[in-house]
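Enquirer: Questions regarding the structure given below will be posed in turn.
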Amino acid sequence: MHQIIHHGAVDGVTGSCHELRLADGRSVLIDCGLFQGVEAAPEGATFEQLQIDFPIDHVQALVITHVHIDHVGRIPYLLAAGFRGPIYCSEPSAHLLPLVLEDALKVGFTRNRDLIERFLDHITQQLRPVRYGEWVTLLEAAPRCRLKLTPAGHILGSAFVTFAVHTRGRQERLLFSGDLGAPHTALLPAPRSPHRADVVVLESTYGDRLHEGRHERAERLRQAIERAHDNGGTVLIPAFSIGRTQELLYELEEIIYQQGCGRGRGRRRGHRHTATSRHTATGQSSQQGKQGKQGKQGQRSRRGQRWDELTIVIDSPLAARFNRIYQRLRPYWNKEARGRLRRGRHPLSFDQLVTVDDHDTHLRTVDALASSGRPAVVIAASGMCTGGRIVDYLKAMLGDERHHVLFVGHQASGTPGRDIQQYGPNGGHVVLDNVRYDIRAGVETIGGYSAHADRDDLVRFVKRMRHPPREVRLVHGEPGAQAELKAALLQALPAEQILTCHQ
Ligand SMILES: [Zn+2]
């Protein structure tokens, strides 16, 4: 009989790594992610913790559900431990993975260009892109094992993976959900329940929550930005470079479009960072922009003008590169997003958008926005404020009540993001790089932007299967979320069904 072993993301949300061990001892790994927050050591995950601490000589293949760092970040360690097998992932993930790993290597391993190139060459040779919906044979000899990837609606390329294991004329299906998206994730089609699975390993990040609806979250995003605008401050949005950043841009472009403003509404920005651009990261709108506005002033609402003046800053070279790949992979976007493109709009590359690339411009932008009181929205990584450029903004702006921090993603316990989210609204403090920062800036959380399914979405995912599973294993969630989801699953599924939820 096969076995499922969890090497990470058991009662937390990071370090995803599961092993499907077949009856003959051969096995397949599903994801190989980094630990973050309290699941890592206080100063971040240690080398010892990240090293692969289980035997891998019988591991035949690795399957990647999606390219978030907490699902792929330990691949370099897996290779260092000697893994040379194939790495299966969806076609879009195959485009995104080298970039994610290149960044992970620079942060955690080495800046040596040659070493990085050699590692990426290895990875590229090991990658086996799989088309969504197609069965692929993973292991031919008995027990035969096939796999299929189905869109999970979480980030571009995300998939849940179904294994069909054939033993002595019997077939068993085991499903690993990876991270499942919410139904209204921007750009992506919603995940659909599979026809059947016998065992489901299900994520439970938001197993104890219900998200706001799409309309409410967009409205709250608009209001939060307008409030900050009234104060003449900056809205800081910590976000993963991949997925969340593109989702936010998509929604911001829609708000700007709906406000009926933007001289270049729906138009692609031609030349970023140039002197003639109306929006720059550090300066006021250029003269050209001011003149261009006057002719239309009468027609626009005051609110529209305010949105027209707002600059959206993506302060992340990585996010900018992902943006470009996201745009290349538009055949994988959902219908609505492709419709906007057809109508001449450019949801990920619009007029108000400025990308900050090099480090000097980044530092200048932090200074300029912290002191000028010029309205702007800054989207920067990391999503949980554990490092990256967002930390420089936080250090410069948390003490000033004109600014706002807007959380749109899950903040794992033990991360600075969670501390700001929890203690910020009561005037608390946060420790960043061993220095205490009092929080006077506004702090808000919008739940609806989660790239994760909520409790009801997760229950529906299982319930809508034509042949529901006999066993659901809950992973990738904090204990409270797992307990609530377990109760909801047991209640929703028919009483005659045998359902066990391991916690
Ligand atoms: Zn994820």
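By order of appearance in the structure tokens: chains A, B, ..., then residues from 1 within every chain, and ligands from 1 in the order shown.
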Using only C-alpha atoms and all ligand atoms, what are the residues with an atom within 7 Å of ligand 1, set out as a CSV table (one decimal) with C-alpha atoms, in the first residue's frame?
Expert:
```csv
chain,number,residue,atom,x,y,z
A,66,HIS,CA,3.1,26.3,-8.5
A,68,HIS,CA,5.7,30.4,-5.0
A,71,HIS,CA,6.6,25.5,-2.7
A,154,HIS,CA,-4.0,30.4,-7.5
A,179,ASP,CA,-2.7,26.1,-3.2
```
Enquirer: Using DSSP secondary structure from the backbone, list all alpha helix (DSSP H) positions within range 18-162 of chain A, as a PyMOL selection string.
Expert: chain A and resi 47-50+69-72+75-80+91-108+113-126
Enquirer: Restricting it to N, CA and C atoms, dump the selection as a tab-separated table (two decimals), in the first residue's frame.
Expert:
```
chain	number	residue	atom	x	y	z
A	47	PHE	N	20.58	27.07	7.47
A	47	PHE	CA	21.06	26.14	6.45
A	47	PHE	C	20.66	24.70	6.81
A	48	GLU	N	20.84	24.37	8.10
A	48	GLU	CA	20.51	23.01	8.55
A	48	GLU	C	19.04	22.71	8.32
A	49	GLN	N	18.20	23.71	8.61
A	49	GLN	CA	16.76	23.48	8.49
A	49	GLN	C	16.36	23.29	7.02
A	50	LEU	N	17.07	24.01	6.15
A	50	LEU	CA	16.68	23.94	4.75
A	50	LEU	C	17.24	22.72	4.05
A	69	ILE	N	7.61	30.64	-3.62
A	69	ILE	CA	8.86	30.22	-2.98
A	69	ILE	C	8.63	29.19	-1.86
A	70	ASP	N	7.47	29.27	-1.19
A	70	ASP	CA	7.21	28.28	-0.14
A	70	ASP	C	6.79	26.92	-0.72
A	71	HIS	N	6.81	26.82	-2.04
A	71	HIS	CA	6.56	25.52	-2.69
A	71	HIS	C	7.75	25.05	-3.54
A	72	VAL	N	8.65	25.97	-3.88
A	72	VAL	CA	9.78	25.57	-4.74
A	72	VAL	C	11.15	25.98	-4.20
A	75	ILE	N	14.32	23.65	-3.87
A	75	ILE	CA	14.81	22.85	-5.00
A	75	ILE	C	16.33	22.89	-5.09
A	76	PRO	N	16.99	24.05	-4.89
A	76	PRO	CA	18.46	24.03	-4.91
A	76	PRO	C	19.04	23.05	-3.89
A	77	TYR	N	18.42	22.94	-2.73
A	77	TYR	CA	18.90	22.00	-1.70
A	77	TYR	C	18.65	20.55	-2.13
A	78	LEU	N	17.55	20.35	-2.84
A	78	LEU	CA	17.24	19.00	-3.33
A	78	LEU	C	18.29	18.56	-4.35
A	79	LEU	N	18.67	19.49	-5.22
A	79	LEU	CA	19.71	19.16	-6.20
A	79	LEU	C	21.05	18.97	-5.50
A	80	ALA	N	21.30	19.80	-4.49
A	80	ALA	CA	22.56	19.67	-3.75
A	80	ALA	C	22.61	18.31	-3.05
A	91	GLU	N	2.96	24.11	-18.10
A	91	GLU	CA	3.75	24.86	-19.07
A	91	GLU	C	4.06	26.29	-18.60
A	92	PRO	N	3.06	27.04	-18.08
A	92	PRO	CA	3.40	28.38	-17.59
A	92	PRO	C	4.41	28.34	-16.43
A	93	SER	N	4.27	27.35	-15.55
A	93	SER	CA	5.22	27.24	-14.43
A	93	SER	C	6.64	27.02	-14.94
A	94	ALA	N	6.76	26.26	-16.04
A	94	ALA	CA	8.09	26.01	-16.60
A	94	ALA	C	8.73	27.31	-17.07
A	95	HIS	N	7.91	28.27	-17.50
A	95	HIS	CA	8.45	29.58	-17.89
A	95	HIS	C	8.87	30.40	-16.66
A	96	LEU	N	8.09	30.25	-15.59
A	96	LEU	CA	8.29	31.11	-14.42
A	96	LEU	C	9.36	30.57	-13.46
A	97	LEU	N	9.49	29.25	-13.39
A	97	LEU	CA	10.35	28.64	-12.36
A	97	LEU	C	11.82	29.10	-12.39
A	98	PRO	N	12.47	29.13	-13.58
A	98	PRO	CA	13.88	29.54	-13.57
A	98	PRO	C	14.09	30.91	-12.95
A	99	LEU	N	13.14	31.83	-13.20
A	99	LEU	CA	13.27	33.18	-12.65
A	99	LEU	C	13.13	33.18	-11.12
A	100	VAL	N	12.19	32.39	-10.63
A	100	VAL	CA	11.98	32.30	-9.18
A	100	VAL	C	13.23	31.71	-8.51
A	101	LEU	N	13.77	30.66	-9.13
A	101	LEU	CA	14.92	30.00	-8.52
A	101	LEU	C	16.18	30.86	-8.63
A	102	GLU	N	16.30	31.59	-9.71
A	102	GLU	CA	17.44	32.50	-9.86
A	102	GLU	C	17.45	33.49	-8.69
A	103	ASP	N	16.27	34.01	-8.39
A	103	ASP	CA	16.16	34.97	-7.29
A	103	ASP	C	16.45	34.29	-5.94
A	104	ALA	N	15.91	33.09	-5.77
A	104	ALA	CA	16.14	32.36	-4.50
A	104	ALA	C	17.62	32.08	-4.30
A	105	LEU	N	18.31	31.76	-5.39
A	105	LEU	CA	19.74	31.48	-5.30
A	105	LEU	C	20.51	32.73	-4.90
A	106	LYS	N	20.14	33.86	-5.51
A	106	LYS	CA	20.84	35.12	-5.21
A	106	LYS	C	20.66	35.50	-3.76
A	107	VAL	N	19.46	35.25	-3.23
A	107	VAL	CA	19.19	35.64	-1.86
A	107	VAL	C	19.83	34.65	-0.87
A	108	GLY	N	19.73	33.36	-1.15
A	108	GLY	CA	20.12	32.39	-0.13
A	108	GLY	C	21.42	31.65	-0.38
A	113	ARG	N	27.61	34.45	-10.81
A	113	ARG	CA	26.83	34.32	-12.05
A	113	ARG	C	27.00	32.93	-12.69
A	114	ASP	N	28.27	32.44	-12.71
A	114	ASP	CA	28.54	31.16	-13.35
A	114	ASP	C	27.81	30.01	-12.66
A	115	LEU	N	27.90	30.03	-11.33
A	115	LEU	CA	27.23	28.97	-10.57
A	115	LEU	C	25.73	29.00	-10.82
A	116	ILE	N	25.18	30.21	-10.80
A	116	ILE	CA	23.72	30.35	-11.01
A	116	ILE	C	23.35	29.83	-12.39
A	117	GLU	N	24.14	30.22	-13.41
A	117	GLU	CA	23.86	29.78	-14.79
A	117	GLU	C	23.89	28.25	-14.87
A	118	ARG	N	24.90	27.66	-14.23
A	118	ARG	CA	25.04	26.20	-14.31
A	118	ARG	C	23.86	25.51	-13.64
A	119	PHE	N	23.47	26.07	-12.50
A	119	PHE	CA	22.32	25.50	-11.78
A	119	PHE	C	21.06	25.60	-12.65
A	120	LEU	N	20.85	26.77	-13.27
A	120	LEU	CA	19.64	26.96	-14.07
A	120	LEU	C	19.65	26.04	-15.30
A	121	ASP	N	20.84	25.79	-15.84
A	121	ASP	CA	20.96	24.83	-16.96
A	121	ASP	C	20.47	23.45	-16.54
A	122	HIS	N	20.94	23.04	-15.35
A	122	HIS	CA	20.52	21.75	-14.80
A	122	HIS	C	19.01	21.68	-14.70
A	123	ILE	N	18.46	22.72	-14.07
A	123	ILE	CA	17.01	22.76	-13.85
A	123	ILE	C	16.26	22.67	-15.18
A	124	THR	N	16.72	23.46	-16.15
A	124	THR	CA	16.02	23.47	-17.43
A	124	THR	C	16.02	22.07	-18.05
A	125	GLN	N	17.15	21.36	-17.91
A	125	GLN	CA	17.20	20.00	-18.47
A	125	GLN	C	16.27	19.05	-17.72
A	126	GLN	N	16.09	19.30	-16.43
A	126	GLN	CA	15.25	18.39	-15.64
A	126	GLN	C	13.75	18.69	-15.79
```
Enquirer: With DSSP run on the backbone, what are the strand (DSSP E or B) residues within range 172-398 of chain A? I'd like them as an MDAnalysis selection string.
Expert: chainID A and resid 172:176 196 199:203 206 234:238 311:315 353:356 376:380
